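S.K.: Sending over a structure as structure tokens; questions will come in a sec.
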Amino acid sequence: MATTTTTPVYTDLAAEYRAITEGVGLHDSSYTGRLKAIGEDALDLINRLSTNGIVNLAPGQGAPTILTTDRGRILDLLGVVNTGDYVLLITSPGCQQAVIDWLDKYTIMEDLAVEDISGATAAFTLCGPASAAALAGVMAPQVEAGDLEAMGPYAALEGAIAGYEALATRRPLGDLVAFDVVVDAGSAAQVWDALAEAGATPVGLDAFNAALVQNAVPRYGREMSDAYNPLEAGLIGSVDFAKGCYIGQEVIARLDTYRKVQRYLVRLRFSEDAVVSEGTGLEVDGLRVGQVTSLAALPSTGELAGLGYVRTARANPGERLNLVAPASGTAEIVDLPQLFGPGE
């Protein structure tokens with residue numbers, strides 16, 4: 001196992017990316033946050049504070065939900081997993097304390113305690129078309145790959161890998177099949193080795209992040225922050241419009257009802273001659289209409305893939321936008337991704 005969770009490349013970038021897109025990659029994603037919420041009111045309180053309906057999650061079930069500010073802006077996207085013994089909250093990297101503080105702010109008489117277990121645990125991501133088969137091959141008790149692939153976002157399965165307790169959750173990464181395996185930090189090396197021996201290719205941050213951009217997965221600090229709301233970020237599938245009040249609910253409901261969303265997250269394809277960087281502006285006829293938020297060179301083709309925000313009037317697939325100087329070239333909108341689907 002690598003000695004750091006921020007390894008850019010383990011062996012060969014192209015081979016690592018090929019494993020993700022054609023086989024199965026193994027990525028050390030321990031840098032994501034993991035919180036342990038215990039108490040009878042855990043699901044109820046998080047349900048009342050966030051966008052999605054999670055109060056009735058049964059053990060083994062999970063769902064995405066978003067903590068939003070009173071202005072409807074994104075504090076963080078959470079993966080909520082009901083393990084039966086406690087509620088696991090998966091946060092964006094570095095957002096653990098902000099989430100704890102937010103929950104603590106609104107905890108009055110509720111039975112809820114939240115502990116940051118990020119350092120006490122490790123998380124590995126299996127990603128690629130063969131990831132379910134690889135995970136099924138090492139999990140005990142035995143599980144079928146088809147059952148794993150049928151799991152909804154953040155649904156979980158408890159078992160053992162190499163004799164060590166492991167929690168496998170379905171990680172939503174767009175069109176990319178992926179699972180997170182959460183284990184005690186003390187067994188991380190053994191579990192990593194078992195997953196690698198099952199045929200998973202270790203992949204570093206460069207290949208993994210390229211896959212995230214190509215599959216239009218928004219990341220905190222780029223496509224998610226208090227500058228954006230869930231509807232702009234294509235996260236409408238994690239919003240339950242029928243569940244009642246939560247922090248920021250009135251703003252988000254009004255944006256949806258009156259179609260007042262001002263911009264949308266888009267997937268971008270760049271011209272061959274493009275010179276572009278993250279933060280580059282997008283314009284039409286000299287009028288600024290958006291901005292590039294993420295870039296990745298795809299090792300498989302050498303092409304640049306990107307994500308960005310574009311004002312609603314110009315956020316149409318096939319729309320061609322100019323890159324604002326000192327950048328040069330053009331960007332074409334491929335689509336408007338929705339990580340959890342279009343919602344209801």
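Going through the structure tokens in order, the chains are called A, B, and so on, while each chain numbers its residues from 1 and the ligands are numbered from 1 in the order shown.
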Do you have, as JSON lines, the list of residues of region 3-99 of chain A lying at most 12 Å from region 163-168 of chain A, each with its nearest atom pair and that distance in Å to one decimal, counting only C-alpha atoms and ordered by chain then number?

M.R.:
```
{"residue": "A:Gly60", "atom": "CA", "partner": "A:Leu167", "partner_atom": "CA", "distance": 9.9}
{"residue": "A:Gln61", "atom": "CA", "partner": "A:Ala168", "partner_atom": "CA", "distance": 11.6}
{"residue": "A:Gly62", "atom": "CA", "partner": "A:Ala168", "partner_atom": "CA", "distance": 11.5}
{"residue": "A:Val81", "atom": "CA", "partner": "A:Leu167", "partner_atom": "CA", "distance": 10.2}
{"residue": "A:Asn82", "atom": "CA", "partner": "A:Leu167", "partner_atom": "CA", "distance": 11.2}
{"residue": "A:Thr83", "atom": "CA", "partner": "A:Leu167", "partner_atom": "CA", "distance": 8.6}
{"residue": "A:Gly84", "atom": "CA", "partner": "A:Leu167", "partner_atom": "CA", "distance": 11.9}
{"residue": "A:Leu88", "atom": "CA", "partner": "A:Leu167", "partner_atom": "CA", "distance": 10.3}
```

S.K.: So that I have them on file, write out the residues from the current selection with C-alpha atoms, as a compact mmCIF listing (two decimals), in the first residue's frame.

M.R.:
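File again.txt, as written:
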```txt
# COMPACT_ATOMS: atom_id res chain seq x y z
CA GLY A 60 -28.02 -1.13 4.77
CA GLN A 61 -29.68 1.71 2.90
CA GLY A 62 -28.11 5.04 2.02
CA VAL A 81 -25.29 5.38 5.26
CA ASN A 82 -27.44 3.66 7.87
CA THR A 83 -25.22 0.83 9.11
CA GLY A 84 -27.76 -0.23 11.74
CA LEU A 88 -21.99 7.01 8.60
```

S.K.: Could I get the residues of region 183-257 of chain A with an atom no further than 6 Å from an atom of region 15-39 of chain A, each paired with its nearest atom pair and that distance in Å to one decimal, using only C-alpha atoms, sorted by chain and residue number, as a Markdown table?

M.R.:
```
| residue | atom | partner | partner_atom | distance |
| --- | --- | --- | --- | --- |
| A:Ala200 | CA | A:Val24 | CA | 5.2 |
| A:Thr201 | CA | A:Gly25 | CA | 4.7 |
| A:Pro202 | CA | A:Leu26 | CA | 4.5 |
| A:Val203 | CA | A:His27 | CA | 5.2 |
| A:Ala207 | CA | A:Tyr17 | CA | 5.2 |
```

S.K.: I need the residues from that last selection saved to file as a compact mmCIF listing (two decimals), in the first residue's frame (with N, CA and C atoms), if you can.

M.R.:
```txt
# COMPACT_ATOMS: atom_id res chain seq x y z
N ALA A 200 -7.32 -5.63 -8.90
CA ALA A 200 -7.49 -4.19 -8.99
C ALA A 200 -6.14 -3.51 -9.15
N THR A 201 -6.06 -2.57 -10.09
CA THR A 201 -4.83 -1.84 -10.37
C THR A 201 -4.78 -0.57 -9.53
N PRO A 202 -3.74 -0.37 -8.70
CA PRO A 202 -3.64 0.87 -7.94
C PRO A 202 -3.59 2.08 -8.87
N VAL A 203 -4.41 3.07 -8.56
CA VAL A 203 -4.44 4.30 -9.36
C VAL A 203 -4.27 5.50 -8.44
N ALA A 207 -5.00 9.98 -12.35
CA ALA A 207 -5.94 9.16 -13.12
C ALA A 207 -7.33 9.23 -12.53
```

S.K.: Please build the interface table for region 134-159 of chain A against region 179-183 of chain A with a cut-off of 12 Å, listing for each qualifying residue the nearest atom pair and the distance in Å to one decimal; count only C-alpha atoms, order rows by chain and increasing number, and write it as a tab-separated table.

M.R.:
```
residue	atom	partner	partner_atom	distance
A:Ala134	CA	A:Phe179	CA	10.4
A:Leu135	CA	A:Phe179	CA	8.3
A:Ala136	CA	A:Phe179	CA	11.0
A:Val138	CA	A:Val181	CA	11.5
A:Met139	CA	A:Val181	CA	10.4
A:Ala145	CA	A:Phe179	CA	11.6
A:Leu148	CA	A:Phe179	CA	8.8
A:Glu149	CA	A:Phe179	CA	9.3
A:Ala150	CA	A:Phe179	CA	11.8
A:Met151	CA	A:Phe179	CA	9.9
A:Gly152	CA	A:Phe179	CA	10.9
A:Pro153	CA	A:Phe179	CA	9.6
A:Tyr154	CA	A:Phe179	CA	8.8
A:Ala155	CA	A:Phe179	CA	9.8
A:Ala156	CA	A:Asp180	CA	9.3
A:Leu157	CA	A:Val181	CA	9.6
A:Glu158	CA	A:Val181	CA	9.7
A:Gly159	CA	A:Val181	CA	10.3
```

S.K.: Quick one: write out the picked residues with N, CA and C atoms as a PDB file, in the first residue's frame?

M.R.:
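The resulting file, result_32.pdb, is shown below:
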```
ATOM      1  N   ALA A 134     -14.666  -7.717  -8.818  1.00  0.00           N
ATOM      2  CA  ALA A 134     -13.488  -7.767  -7.955  1.00  0.00           C
ATOM      3  C   ALA A 134     -13.889  -7.735  -6.486  1.00  0.00           C
ATOM      4  N   LEU A 135     -14.844  -6.874  -6.149  1.00  0.00           N
ATOM      5  CA  LEU A 135     -15.293  -6.783  -4.763  1.00  0.00           C
ATOM      6  C   LEU A 135     -15.994  -8.066  -4.336  1.00  0.00           C
ATOM      7  N   ALA A 136     -16.830  -8.607  -5.216  1.00  0.00           N
ATOM      8  CA  ALA A 136     -17.536  -9.846  -4.895  1.00  0.00           C
ATOM      9  C   ALA A 136     -16.553 -10.998  -4.665  1.00  0.00           C
ATOM     10  N   VAL A 138     -13.739 -10.955  -3.137  1.00  0.00           N
ATOM     11  CA  VAL A 138     -12.989 -10.915  -1.874  1.00  0.00           C
ATOM     12  C   VAL A 138     -13.873 -10.745  -0.648  1.00  0.00           C
ATOM     13  N   MET A 139     -15.151 -10.399  -0.845  1.00  0.00           N
ATOM     14  CA  MET A 139     -16.041 -10.165   0.296  1.00  0.00           C
ATOM     15  C   MET A 139     -16.501 -11.485   0.905  1.00  0.00           C
ATOM     16  N   ALA A 145     -21.866 -10.283  -7.808  1.00  0.00           N
ATOM     17  CA  ALA A 145     -21.533  -9.005  -8.442  1.00  0.00           C
ATOM     18  C   ALA A 145     -22.787  -8.259  -8.878  1.00  0.00           C
ATOM     19  N   LEU A 148     -24.298  -6.340  -6.067  1.00  0.00           N
ATOM     20  CA  LEU A 148     -23.537  -5.128  -5.786  1.00  0.00           C
ATOM     21  C   LEU A 148     -23.875  -4.031  -6.788  1.00  0.00           C
ATOM     22  N   GLU A 149     -23.955  -4.399  -8.055  1.00  0.00           N
ATOM     23  CA  GLU A 149     -24.257  -3.406  -9.093  1.00  0.00           C
ATOM     24  C   GLU A 149     -25.666  -2.844  -8.946  1.00  0.00           C
ATOM     25  N   ALA A 150     -26.563  -3.600  -8.319  1.00  0.00           N
ATOM     26  CA  ALA A 150     -27.944  -3.146  -8.144  1.00  0.00           C
ATOM     27  C   ALA A 150     -28.113  -2.215  -6.946  1.00  0.00           C
ATOM     28  N   MET A 151     -27.087  -2.051  -6.146  1.00  0.00           N
ATOM     29  CA  MET A 151     -27.172  -1.190  -4.965  1.00  0.00           C
ATOM     30  C   MET A 151     -27.376   0.264  -5.379  1.00  0.00           C
ATOM     31  N   GLY A 152     -28.207   0.980  -4.625  1.00  0.00           N
ATOM     32  CA  GLY A 152     -28.413   2.397  -4.878  1.00  0.00           C
ATOM     33  C   GLY A 152     -27.268   3.217  -4.309  1.00  0.00           C
ATOM     34  N   PRO A 153     -27.241   4.535  -4.594  1.00  0.00           N
ATOM     35  CA  PRO A 153     -26.181   5.391  -4.070  1.00  0.00           C
ATOM     36  C   PRO A 153     -26.075   5.301  -2.553  1.00  0.00           C
ATOM     37  N   TYR A 154     -24.881   5.018  -2.074  1.00  0.00           N
ATOM     38  CA  TYR A 154     -24.540   4.944  -0.651  1.00  0.00           C
ATOM     39  C   TYR A 154     -25.207   3.788   0.085  1.00  0.00           C
ATOM     40  N   ALA A 155     -25.840   2.867  -0.632  1.00  0.00           N
ATOM     41  CA  ALA A 155     -26.279   1.630   0.011  1.00  0.00           C
ATOM     42  C   ALA A 155     -25.035   0.883   0.473  1.00  0.00           C
ATOM     43  N   ALA A 156     -25.180   0.071   1.538  1.00  0.00           N
ATOM     44  CA  ALA A 156     -24.002  -0.517   2.167  1.00  0.00           C
ATOM     45  C   ALA A 156     -24.172  -1.999   2.426  1.00  0.00           C
ATOM     46  N   LEU A 157     -23.040  -2.671   2.475  1.00  0.00           N
ATOM     47  CA  LEU A 157     -22.993  -4.094   2.769  1.00  0.00           C
ATOM     48  C   LEU A 157     -21.829  -4.340   3.719  1.00  0.00           C
ATOM     49  N   GLU A 158     -22.111  -4.954   4.857  1.00  0.00           N
ATOM     50  CA  GLU A 158     -21.066  -5.261   5.829  1.00  0.00           C
ATOM     51  C   GLU A 158     -20.549  -6.677   5.607  1.00  0.00           C
ATOM     52  N   GLY A 159     -19.267  -6.849   5.791  1.00  0.00           N
ATOM     53  CA  GLY A 159     -18.674  -8.167   5.633  1.00  0.00           C
ATOM     54  C   GLY A 159     -17.233  -8.138   6.066  1.00  0.00           C
TER      55      GLY A 159
END
```

S.K.: Quick check for you: according to DSSP on this backbone, which residues of region 43-230 of chain A are classed as strand (DSSP E or B)? Reply as a VMD selection string.

M.R.: chain A and resid 50 62 to 68 74 to 82 87 to 91 113 to 116 121 to 127 139 to 140 156 to 161 164 to 170 173 176 178 to 184 201 to 202 220 224

S.K.: Save the residues we just selected, C-alpha atoms, as a PDB file, in the first residue's frame?

M.R.:
```pdb
ATOM      1  CA  SER A  50     -30.752  18.716   4.650  1.00  0.00           C
ATOM      2  CA  GLY A  62     -28.112   5.043   2.022  1.00  0.00           C
ATOM      3  CA  ALA A  63     -28.807   8.249   0.149  1.00  0.00           C
ATOM      4  CA  PRO A  64     -27.177  11.517  -0.872  1.00  0.00           C
ATOM      5  CA  THR A  65     -28.279  14.713   0.802  1.00  0.00           C
ATOM      6  CA  ILE A  66     -26.973  18.271   0.962  1.00  0.00           C
ATOM      7  CA  LEU A  67     -26.511  20.640   3.850  1.00  0.00           C
ATOM      8  CA  THR A  68     -27.391  24.111   2.577  1.00  0.00           C
ATOM      9  CA  ILE A  74     -24.026  24.265  -0.668  1.00  0.00           C
ATOM     10  CA  LEU A  75     -22.285  23.634   2.637  1.00  0.00           C
ATOM     11  CA  ASP A  76     -21.458  20.058   1.613  1.00  0.00           C
ATOM     12  CA  LEU A  77     -22.809  17.014  -0.172  1.00  0.00           C
ATOM     13  CA  LEU A  78     -23.165  14.104   2.262  1.00  0.00           C
ATOM     14  CA  GLY A  79     -23.389  10.396   1.662  1.00  0.00           C
ATOM     15  CA  VAL A  80     -25.660   9.090   4.418  1.00  0.00           C
ATOM     16  CA  VAL A  81     -25.290   5.385   5.256  1.00  0.00           C
ATOM     17  CA  ASN A  82     -27.436   3.657   7.873  1.00  0.00           C
ATOM     18  CA  VAL A  87     -25.089   6.540  10.717  1.00  0.00           C
ATOM     19  CA  LEU A  88     -21.992   7.006   8.596  1.00  0.00           C
ATOM     20  CA  LEU A  89     -21.688  10.439   6.995  1.00  0.00           C
ATOM     21  CA  ILE A  90     -19.280  10.666   4.056  1.00  0.00           C
ATOM     22  CA  THR A  91     -18.122  14.251   3.508  1.00  0.00           C
ATOM     23  CA  ALA A 113     -23.307  12.730  18.946  1.00  0.00           C
ATOM     24  CA  VAL A 114     -20.993  13.056  15.957  1.00  0.00           C
ATOM     25  CA  GLU A 115     -17.415  11.771  15.909  1.00  0.00           C
ATOM     26  CA  ASP A 116     -14.817  12.295  13.207  1.00  0.00           C
ATOM     27  CA  THR A 121     -10.422   4.438   9.361  1.00  0.00           C
ATOM     28  CA  ALA A 122      -9.254   4.103   5.769  1.00  0.00           C
ATOM     29  CA  ALA A 123     -11.311   4.210   2.576  1.00  0.00           C
ATOM     30  CA  PHE A 124     -10.462   2.588  -0.735  1.00  0.00           C
ATOM     31  CA  THR A 125     -12.405   3.134  -3.959  1.00  0.00           C
ATOM     32  CA  LEU A 126     -12.823   0.334  -6.480  1.00  0.00           C
ATOM     33  CA  CYS A 127     -13.878   1.879  -9.795  1.00  0.00           C
ATOM     34  CA  MET A 139     -16.041 -10.165   0.296  1.00  0.00           C
ATOM     35  CA  ALA A 140     -17.170 -12.626   2.934  1.00  0.00           C
ATOM     36  CA  ALA A 156     -24.002  -0.517   2.167  1.00  0.00           C
ATOM     37  CA  LEU A 157     -22.993  -4.094   2.769  1.00  0.00           C
ATOM     38  CA  GLU A 158     -21.066  -5.261   5.829  1.00  0.00           C
ATOM     39  CA  GLY A 159     -18.674  -8.167   5.633  1.00  0.00           C
ATOM     40  CA  ALA A 160     -15.008  -9.038   5.780  1.00  0.00           C
ATOM     41  CA  ILE A 161     -12.033  -8.775   3.444  1.00  0.00           C
ATOM     42  CA  TYR A 164     -10.950  -7.937   8.529  1.00  0.00           C
ATOM     43  CA  GLU A 165     -14.246  -6.111   9.016  1.00  0.00           C
ATOM     44  CA  ALA A 166     -15.191  -3.989   6.014  1.00  0.00           C
ATOM     45  CA  LEU A 167     -18.109  -1.802   4.998  1.00  0.00           C
ATOM     46  CA  ALA A 168     -18.705  -1.594   1.252  1.00  0.00           C
ATOM     47  CA  THR A 169     -20.834   1.285  -0.046  1.00  0.00           C
ATOM     48  CA  ARG A 170     -21.943   2.125  -3.576  1.00  0.00           C
ATOM     49  CA  LEU A 173     -19.503   8.525  -9.872  1.00  0.00           C
ATOM     50  CA  LEU A 176     -18.520   4.910 -13.647  1.00  0.00           C
ATOM     51  CA  ALA A 178     -17.623   2.408  -8.115  1.00  0.00           C
ATOM     52  CA  PHE A 179     -17.596   1.198  -4.522  1.00  0.00           C
ATOM     53  CA  ASP A 180     -15.960   2.535  -1.389  1.00  0.00           C
ATOM     54  CA  VAL A 181     -14.540   0.065   1.115  1.00  0.00           C
ATOM     55  CA  VAL A 182     -14.205   1.478   4.641  1.00  0.00           C
ATOM     56  CA  VAL A 183     -11.994  -0.397   7.094  1.00  0.00           C
ATOM     57  CA  ASP A 184     -10.215   0.184  10.385  1.00  0.00           C
ATOM     58  CA  THR A 201      -4.827  -1.839 -10.365  1.00  0.00           C
ATOM     59  CA  PRO A 202      -3.637   0.874  -7.936  1.00  0.00           C
ATOM     60  CA  TYR A 220     -15.963  20.611  -3.333  1.00  0.00           C
ATOM     61  CA  MET A 224     -19.533  22.742  -4.981  1.00  0.00           C
TER      62      MET A 224
END
```

S.K.: Pick the closest to Ala210 (chain A) from A:Ser294, A:Ser225, A:Thr280, A:Thr257: which is it, counting only C-alpha atoms?

M.R.: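 So, comparing all the options, the nearest one is A:Ser294.
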
S.K.: Taking only region 64-305 of chain A into account, list the residues labelled alpha helix (DSSP H) by DSSP (computed from the backbone), as a VMD selection string.

M.R.: chain A and resid 96 to 105 131 to 138 145 to 149 188 to 197 205 to 214 249 to 257

S.K.: Find the residue from A:Ala98, A:Ala185, A:Leu49, A:Leu336 that sits nearest to Ile236 (chain A); use only C-alpha atoms when measuring.

M.R.: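 Looking at the shortest contact to Ile236 (chain A), the residue is A:Leu336.
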
S.K.: For Tyr246 (chain A), which residue among A:Leu13, A:Leu45, A:Ala132, A:Val334 is the nearest when counting only C-alpha atoms?

M.R.: A:Leu45

S.K.: Would you mind listing what lies within 7 Å of region 259-271 of chain A as a ChimeraX atom specification, with only C-alpha atoms counted and same-chain residues fewer than 3 positions away left out?

M.R.: /A:216,232-234,255-256,274,304-312,315,329-337

S.K.: With distances taken over only C-alpha atoms, which residue among A:Thr107, A:Ser238, A:Thr301, A:Ser118 lies nearest Gln338 (chain A)?

M.R.: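 Checking each of A:Thr107, A:Ser238, A:Thr301, A:Ser118 against Gln338 (chain A), counting only C-alpha atoms, the winner is A:Ser238.
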
S.K.: What is the CA of Arg48 (chain A)-CA of Ala242 (chain A) distance in Å, reported with one decimal?

M.R.: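 For CA of Arg48 (chain A) relative to CA of Ala242 (chain A), the distance reads 12.5 Å.
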
S.K.: Env of Glu344 (chain A): 9 Å cut, atoms = only C-alpha atoms, seq-sep filter 3 positions within chain, self excluded. Answer as a list of chain:residue names.

M.R.: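 In the requested form, the answer reads A:Ile236, A:Gly237, A:Val239, A:Asp240, A:Phe241.
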
S.K.: Could you tell me which of A:Pro326, A:Pro59, A:Pro141, A:Pro342 comes closest to Ser277 (chain A) if we count only C-alpha atoms?

M.R.: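 Closest candidate: A:Pro326.
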
S.K.: To one decimal place in Å, what is the distance between CA of Leu339 (chain A) and CA of Val143 (chain A)?

M.R.: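 Here the two named atoms are 26.5 Å from each other.
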
S.K.: A:Asp41, A:Ala211, A:Arg222, A:Ile46: which is nearest Ala297 (chain A), counting only C-alpha atoms?

M.R.: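 Ranked by minimum distance to Ala297 (chain A), first place goes to A:Ala211.
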